[in-house]
Structures are given as C-alpha cells and as structure tokens.
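Peer 1: data-v2.cif is reproduced below (mmCIF, C-alpha atoms).
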data_upload
loop_
_atom_site.label_atom_id
_atom_site.label_comp_id
_atom_site.auth_asym_id
_atom_site.auth_seq_id
_atom_site.Cartn_x
_atom_site.Cartn_y
_atom_site.Cartn_z
CA MET A 1 7.27 -32.26 -2.94
CA THR A 2 9.59 -30.38 -0.63
CA THR A 3 9.11 -26.85 0.58
CA ALA A 4 11.88 -24.30 0.55
CA THR A 5 12.82 -22.69 3.83
CA TRP A 6 14.60 -19.44 4.48
CA PRO A 7 17.27 -19.20 5.54
CA PRO A 8 18.42 -22.35 3.80
CA PRO A 9 19.63 -25.02 6.20
CA SER A 10 23.37 -25.62 6.21
CA SER A 11 25.05 -28.97 6.33
CA THR A 12 26.81 -28.15 9.61
CA GLY A 13 23.65 -27.10 11.39
CA SER A 14 25.00 -23.63 12.19
CA ARG A 15 22.65 -20.68 12.17
CA HIS A 16 22.46 -18.25 9.29
CA LEU A 17 25.06 -15.51 9.68
CA LEU A 18 22.56 -12.67 10.16
CA GLN A 19 20.68 -14.66 12.80
CA ARG A 20 23.70 -14.73 15.08
CA SER A 21 23.31 -12.20 17.86
CA GLU A 22 26.99 -11.22 17.70
CA VAL A 23 26.69 -10.25 14.03
CA ARG A 24 23.46 -8.36 14.64
CA LEU A 25 25.05 -6.53 17.59
CA TYR A 26 28.04 -5.54 15.45
CA LEU A 27 25.87 -4.33 12.56
CA THR A 28 23.46 -2.46 14.85
CA SER A 29 26.32 -0.69 16.63
CA ALA A 30 27.97 0.24 13.33
CA THR A 31 24.70 1.59 11.96
CA LEU A 32 23.99 3.55 15.14
CA LEU A 33 27.31 5.39 15.07
CA PHE A 34 27.11 5.97 11.34
CA VAL A 35 23.59 7.43 11.54
CA GLU A 36 24.51 9.48 14.61
CA LEU A 37 27.48 11.07 12.81
CA VAL A 38 25.43 11.69 9.70
CA LEU A 39 22.70 13.45 11.67
CA ILE A 40 25.19 15.46 13.74
CA ARG A 41 26.87 16.77 10.58
CA TRP A 42 23.99 16.91 8.10
CA ILE A 43 21.24 18.59 10.12
CA PRO A 44 23.25 21.69 11.19
CA ALA A 45 24.60 21.99 7.64
CA ASN A 46 21.05 22.27 6.32
CA VAL A 47 19.31 23.97 9.24
CA THR A 48 21.41 26.98 10.16
CA TYR A 49 19.44 27.55 13.34
CA ILE A 50 20.55 24.15 14.72
CA GLY A 51 24.17 25.03 13.90
CA PHE A 52 24.13 27.67 16.63
CA PHE A 53 23.23 25.00 19.19
CA THR A 54 25.95 22.54 18.28
CA ASN A 55 25.38 19.89 20.93
CA PHE A 56 21.62 19.50 20.63
CA THR A 57 21.80 16.86 17.92
CA LEU A 58 24.48 15.01 19.88
CA MET A 59 22.41 15.11 23.09
CA ALA A 60 19.31 13.96 21.21
CA SER A 61 21.30 11.05 19.74
CA PHE A 62 22.63 9.99 23.14
CA LEU A 63 19.20 10.25 24.71
CA GLY A 64 17.66 8.25 21.88
CA ILE A 65 20.28 5.51 22.08
CA GLY A 66 19.83 5.23 25.85
CA LEU A 67 16.05 5.11 25.58
CA GLY A 68 16.32 2.55 22.79
CA ILE A 69 18.54 0.25 24.84
CA LEU A 70 16.22 0.53 27.85
CA GLY A 71 13.12 0.06 25.71
CA GLY A 72 14.65 -2.87 23.86
CA ARG A 73 14.92 -4.80 27.08
CA ARG A 74 11.14 -4.62 27.48
CA TRP A 75 9.84 -4.71 23.91
CA GLN A 76 11.65 -7.35 21.96
CA GLY A 77 11.18 -8.05 18.30
CA VAL A 78 10.49 -4.49 17.12
CA GLY A 79 11.66 -4.27 13.52
CA LEU A 80 13.44 -1.45 11.76
CA ALA A 81 10.25 -0.16 10.12
CA PRO A 82 9.65 2.62 12.72
CA PHE A 83 13.26 3.75 12.28
CA ALA A 84 12.95 3.94 8.50
CA ILE A 85 9.71 5.90 8.71
CA LEU A 86 11.11 8.38 11.25
CA LEU A 87 14.37 8.83 9.34
CA GLY A 88 12.45 9.39 6.11
CA PHE A 89 10.25 11.96 7.83
CA LEU A 90 13.27 13.71 9.35
CA VAL A 91 15.08 13.89 6.00
CA ALA A 92 11.95 15.07 4.20
CA LEU A 93 11.34 17.74 6.81
CA VAL A 94 14.86 19.10 6.50
CA VAL A 95 15.01 18.91 2.69
CA ILE A 96 11.46 19.83 1.70
CA ALA A 97 10.38 22.19 4.46
CA GLN A 98 13.65 24.14 4.27
CA LEU A 99 13.72 24.83 7.99
CA ASP A 100 15.97 27.77 8.51
CA ILE A 101 16.27 30.98 10.46
CA GLN A 102 14.16 33.97 9.60
CA LEU A 103 15.42 37.25 10.99
CA SER A 104 12.86 39.99 11.25
CA SER A 105 15.54 42.54 12.09
CA PRO A 106 19.31 42.56 12.62
CA SER A 107 18.81 43.66 16.22
CA GLU A 108 17.35 40.34 17.39
CA PRO A 109 19.26 39.07 20.43
CA MET A 110 18.49 35.45 19.53
CA PHE A 111 17.43 34.02 16.19
CA GLY A 112 13.68 33.68 16.08
CA VAL A 113 12.90 35.84 19.11
CA GLY A 114 12.82 39.57 18.47
CA VAL A 115 12.86 42.27 21.09
CA SER A 116 9.45 43.59 20.19
CA SER A 117 7.97 41.05 17.78
CA GLY A 118 7.80 38.05 20.12
CA ALA A 119 8.45 34.46 19.13
CA ASN A 120 7.84 33.12 15.64
CA ALA A 121 8.01 29.64 14.15
CA ASN A 122 11.80 29.46 14.59
CA ILE A 123 11.35 28.80 18.28
CA LEU A 124 9.80 25.42 17.38
CA VAL A 125 12.61 24.25 15.09
CA LEU A 126 15.04 23.26 17.83
CA PRO A 127 12.62 21.23 19.99
CA LEU A 128 11.08 19.62 16.91
CA MET A 129 14.45 18.47 15.59
CA PHE A 130 15.51 17.34 19.08
CA VAL A 131 12.41 15.17 19.43
CA LEU A 132 12.70 13.76 15.90
CA VAL A 133 16.38 12.86 16.29
CA THR A 134 15.69 11.32 19.71
CA LEU A 135 12.82 9.19 18.36
CA THR A 136 14.80 8.15 15.28
CA MET A 137 17.79 7.03 17.33
CA THR A 138 15.50 5.32 19.86
CA MET A 139 13.94 3.18 17.15
CA LEU A 140 17.34 2.28 15.73
CA ALA A 141 18.73 1.37 19.17
CA LEU A 142 15.79 -0.82 20.26
CA PRO A 143 17.50 -4.10 19.26
CA LEU A 144 20.56 -3.26 21.39
CA GLY A 145 18.81 -3.93 24.70
CA GLU A 146 18.24 -7.56 23.75
CA LEU A 147 21.50 -7.97 21.83
CA LEU A 148 23.73 -6.69 24.64
CA ARG A 149 22.26 -9.35 26.93
CA SER A 150 22.64 -12.15 24.38
CA THR A 151 26.26 -12.87 25.25
CA THR A 152 28.69 -12.27 28.09
CA PRO A 153 29.03 -8.59 29.05
CA LEU A 154 32.71 -8.26 28.12
CA LEU A 155 32.23 -9.86 24.70
CA ALA A 156 29.08 -7.82 24.05
CA TYR A 157 30.93 -4.62 24.93
CA ALA A 158 33.88 -5.55 22.69
CA ILE A 159 31.55 -6.27 19.76
CA ASP A 160 29.67 -3.03 20.42
CA ILE A 161 32.92 -1.02 20.37
CA ALA A 162 34.13 -2.79 17.21
CA GLY A 163 30.84 -2.05 15.48
CA SER A 164 30.94 1.57 16.61
CA LEU A 165 34.47 2.00 15.29
CA SER A 166 33.38 0.47 11.98
CA GLY A 167 30.51 2.95 11.73
CA ILE A 168 32.96 5.79 12.33
CA ALA A 169 35.31 4.35 9.69
CA VAL A 170 32.54 4.12 7.09
CA PHE A 171 31.44 7.69 7.81
CA SER A 172 35.06 8.89 7.56
CA ALA A 173 35.58 7.06 4.27
CA LEU A 174 32.41 8.52 2.78
CA SER A 175 33.42 11.98 4.01
CA ALA A 176 36.91 11.64 2.54
CA ALA A 177 35.35 10.58 -0.78
CA ALA A 178 33.24 13.79 -0.72
CA THR A 179 30.00 11.89 -1.32
CA ASP A 180 26.69 13.69 -1.63
CA PRO A 181 24.95 13.97 1.77
CA LEU A 182 21.71 12.34 0.71
#
If you took the structure in this file and wrote it as structure tokens, what would it be?
Peer 2:
Amino acid sequence: MTTATWPPPSSTGSRHLLQRSEVRLYLTSATLLFVELVLIRWIPANVTYIGFFTNFTLMASFLGIGLGILGGRRWQGVGLAPFAILLGFLVALVVIAQLDIQLSSPSEPMFGVGVSSGANANILVLPLMFVLVTLTMTMLALPLGELLRSTTPLLAYAIDIAGSLSGIAVFSALSAAATDPL
C-alpha cells in the first residue's frame, strides 16, 4: 500500500510551483501592495476622521512592511494566520463599530477635541487604526525577510517590483470594475 504525499511528486523532480521562493516572493509582494492600496482607500472612506489625516494609513503600511521584513529575517516560518486574524479584526472594527467623528459643537478646532469639553473617544481612533494597520501589514510582510534573501539581490528586487506592479494592476482593475469594497 502506498501513501499519498502532498505536493505530488513530479516526474522531473522539480519542486511544486508554490514552494519556489521566487513564486512566493512575487505573490507576497503582489498581495502586500494590493492590501496596502485597499487599506489606504477603504479606511478613510469609512472612517471620516482618518480622511483628514490622509498619510497616516500610508505611513502605518510602510512601517508595517519594514517591520515585517526585519522581523521575517529573525522569525522564519510564521504563517498567514496572524495576518488573517488582524485583517478580520480591522475590517470588523471599521464596519461594525462604525468609527466616525462625533462633533459636540461646530466650534471645535479639531475633530474630537473641543475647546471646553476636552478629549473624547475620537482621539483614540487615529492611534488605534495606525497600530492595527501597522500590525496587519507587519504580519503580511513577515515572509519577505526570508524570501528576499532566497535569491540574488537583483533578481529578488526585480521579482518584488513585478509583484508590486501586479498588485497595483489588480487593485486598478477591481476599481475600474466598480466592485464592492468588501
């Protein structure tokens, strides 16, 4: 009796396509840019308060990607489960909690901080979203640290750029098709 193995062995002895580090690097880069663009566009569209601080989601994404690459060089083999959990939590928080600005009076100099009323819960929205986006992107970028070292630097960079451009193309195609955000 023979036992089945996964992935199935090929007759040429080559590795399964998704086990190749070049393919994983390409797919990870494409996913990173796609998720980054989705978060940059979707969060401010649903949380008006974040829309007034346009670069915070972008900075959180960059910080998360950088931390993920650095962390991935130390902790190898972390799966995508933490990313999925964080992304699910982030989406649920935005959709279910309905985070938005609450003006106590039209004379407030900054949303969430009144002249006489002091700070309310709005002051926590921006740092909370910044931390959640940073953690989400960090978890997604963890494999990049190992994958960027898996081949020569020039080839790794070329694959990373190609994957990033593909992520942008997929986001653009979905935007042009006017798909539902969720």
Peer 1: Give me, please, the distance in Å between atom CA of A:Gly51 and atom CA of A:Val94, quoted to one decimal.
Peer 2: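 The value is 13.3 Å.
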Peer 1: Could you tell me, as an mmCIF file with C-alpha atoms, in the frame of the given file, exactly which residues end up selected when the PyMOL selection byres ((chain A and resi 134) around 9) is applied to this structure?
Peer 2:
data_model
loop_
_atom_site.group_PDB
_atom_site.id
_atom_site.type_symbol
_atom_site.label_atom_id
_atom_site.label_comp_id
_atom_site.auth_asym_id
_atom_site.auth_seq_id
_atom_site.Cartn_x
_atom_site.Cartn_y
_atom_site.Cartn_z
ATOM 1 C CA THR A 57 21.800 16.860 17.920
ATOM 2 C CA MET A 59 22.410 15.110 23.090
ATOM 3 C CA ALA A 60 19.310 13.960 21.210
ATOM 4 C CA SER A 61 21.300 11.050 19.740
ATOM 5 C CA PHE A 62 22.630 9.990 23.140
ATOM 6 C CA LEU A 63 19.200 10.250 24.710
ATOM 7 C CA GLY A 64 17.660 8.250 21.880
ATOM 8 C CA ILE A 65 20.280 5.510 22.080
ATOM 9 C CA LEU A 67 16.050 5.110 25.580
ATOM 10 C CA MET A 129 14.450 18.470 15.590
ATOM 11 C CA PHE A 130 15.510 17.340 19.080
ATOM 12 C CA VAL A 131 12.410 15.170 19.430
ATOM 13 C CA LEU A 132 12.700 13.760 15.900
ATOM 14 C CA VAL A 133 16.380 12.860 16.290
ATOM 15 C CA LEU A 135 12.820 9.190 18.360
ATOM 16 C CA THR A 136 14.800 8.150 15.280
ATOM 17 C CA MET A 137 17.790 7.030 17.330
ATOM 18 C CA THR A 138 15.500 5.320 19.860
ATOM 19 C CA MET A 139 13.940 3.180 17.150
#
Peer 1: List the residues matched by the PyMOL selection byres ((chain A and resi 33-40) around 8) in the displayed structure as a PDB file with C-alpha atoms, in the coordinates of the input, ordered by chain and then by residue number.
Peer 2:
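File produced: selection.pdb:
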ATOM      1  CA  SER A  29      26.320  -0.690  16.630  1.00  0.00           C
ATOM      2  CA  ALA A  30      27.970   0.240  13.330  1.00  0.00           C
ATOM      3  CA  THR A  31      24.700   1.590  11.960  1.00  0.00           C
ATOM      4  CA  LEU A  32      23.990   3.550  15.140  1.00  0.00           C
ATOM      5  CA  ARG A  41      26.870  16.770  10.580  1.00  0.00           C
ATOM      6  CA  TRP A  42      23.990  16.910   8.100  1.00  0.00           C
ATOM      7  CA  ILE A  43      21.240  18.590  10.120  1.00  0.00           C
ATOM      8  CA  PRO A  44      23.250  21.690  11.190  1.00  0.00           C
ATOM      9  CA  THR A  57      21.800  16.860  17.920  1.00  0.00           C
ATOM     10  CA  LEU A  58      24.480  15.010  19.880  1.00  0.00           C
ATOM     11  CA  SER A  61      21.300  11.050  19.740  1.00  0.00           C
ATOM     12  CA  VAL A 133      16.380  12.860  16.290  1.00  0.00           C
ATOM     13  CA  MET A 137      17.790   7.030  17.330  1.00  0.00           C
ATOM     14  CA  SER A 164      30.940   1.570  16.610  1.00  0.00           C
ATOM     15  CA  LEU A 165      34.470   2.000  15.290  1.00  0.00           C
ATOM     16  CA  GLY A 167      30.510   2.950  11.730  1.00  0.00           C
ATOM     17  CA  ILE A 168      32.960   5.790  12.330  1.00  0.00           C
ATOM     18  CA  VAL A 170      32.540   4.120   7.090  1.00  0.00           C
ATOM     19  CA  PHE A 171      31.440   7.690   7.810  1.00  0.00           C
TER      20      PHE A 171
END
Peer 1: Would you mind telling me which residue in A:Leu140, A:Pro127, A:Asn46, A:Gly66 lies nearest to A:Ile85 when using all atoms listed in the file?
Peer 2: A:Leu140
Peer 1: What's the 12 Å shell around stretch 23-27 of chain A, counting only C-alpha atoms, without same-chain residues fewer than 5 positions away, as a ChimeraX atom specification?
Peer 2: /A:15-18,32-34,69,140-151,155-167
Peer 1: Skip A:Ile96 itself and residues of its chain fewer than 6 positions away, then list as a ChimeraX atom specification all residues within 12 Å of it, counting all atoms listed in the file.
Peer 2: /A:46-47,88-90
Peer 1: For atom CA of A:Asp180 and atom CA of A:Val91, quote the distance in Å rounded to one decimal.
Peer 2: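 Between atom CA of A:Asp180 and atom CA of A:Val91 the gap is 13.9 Å.
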Peer 1: Could you please determine the separation between atom CA of A:Phe52 and atom CA of A:Leu126 in Å, to one decimal place?
Peer 2: 10.2 Å
Peer 1: Out of A:Ala169, A:Leu174, A:Leu70, A:Val125, which residue has the shortest atom-to-atom distance to A:Thr48 when counting all atoms listed in the file?
Peer 2: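 Of A:Ala169, A:Leu174, A:Leu70, A:Val125, the one nearest A:Thr48 is A:Val125, counting all atoms listed in the file.
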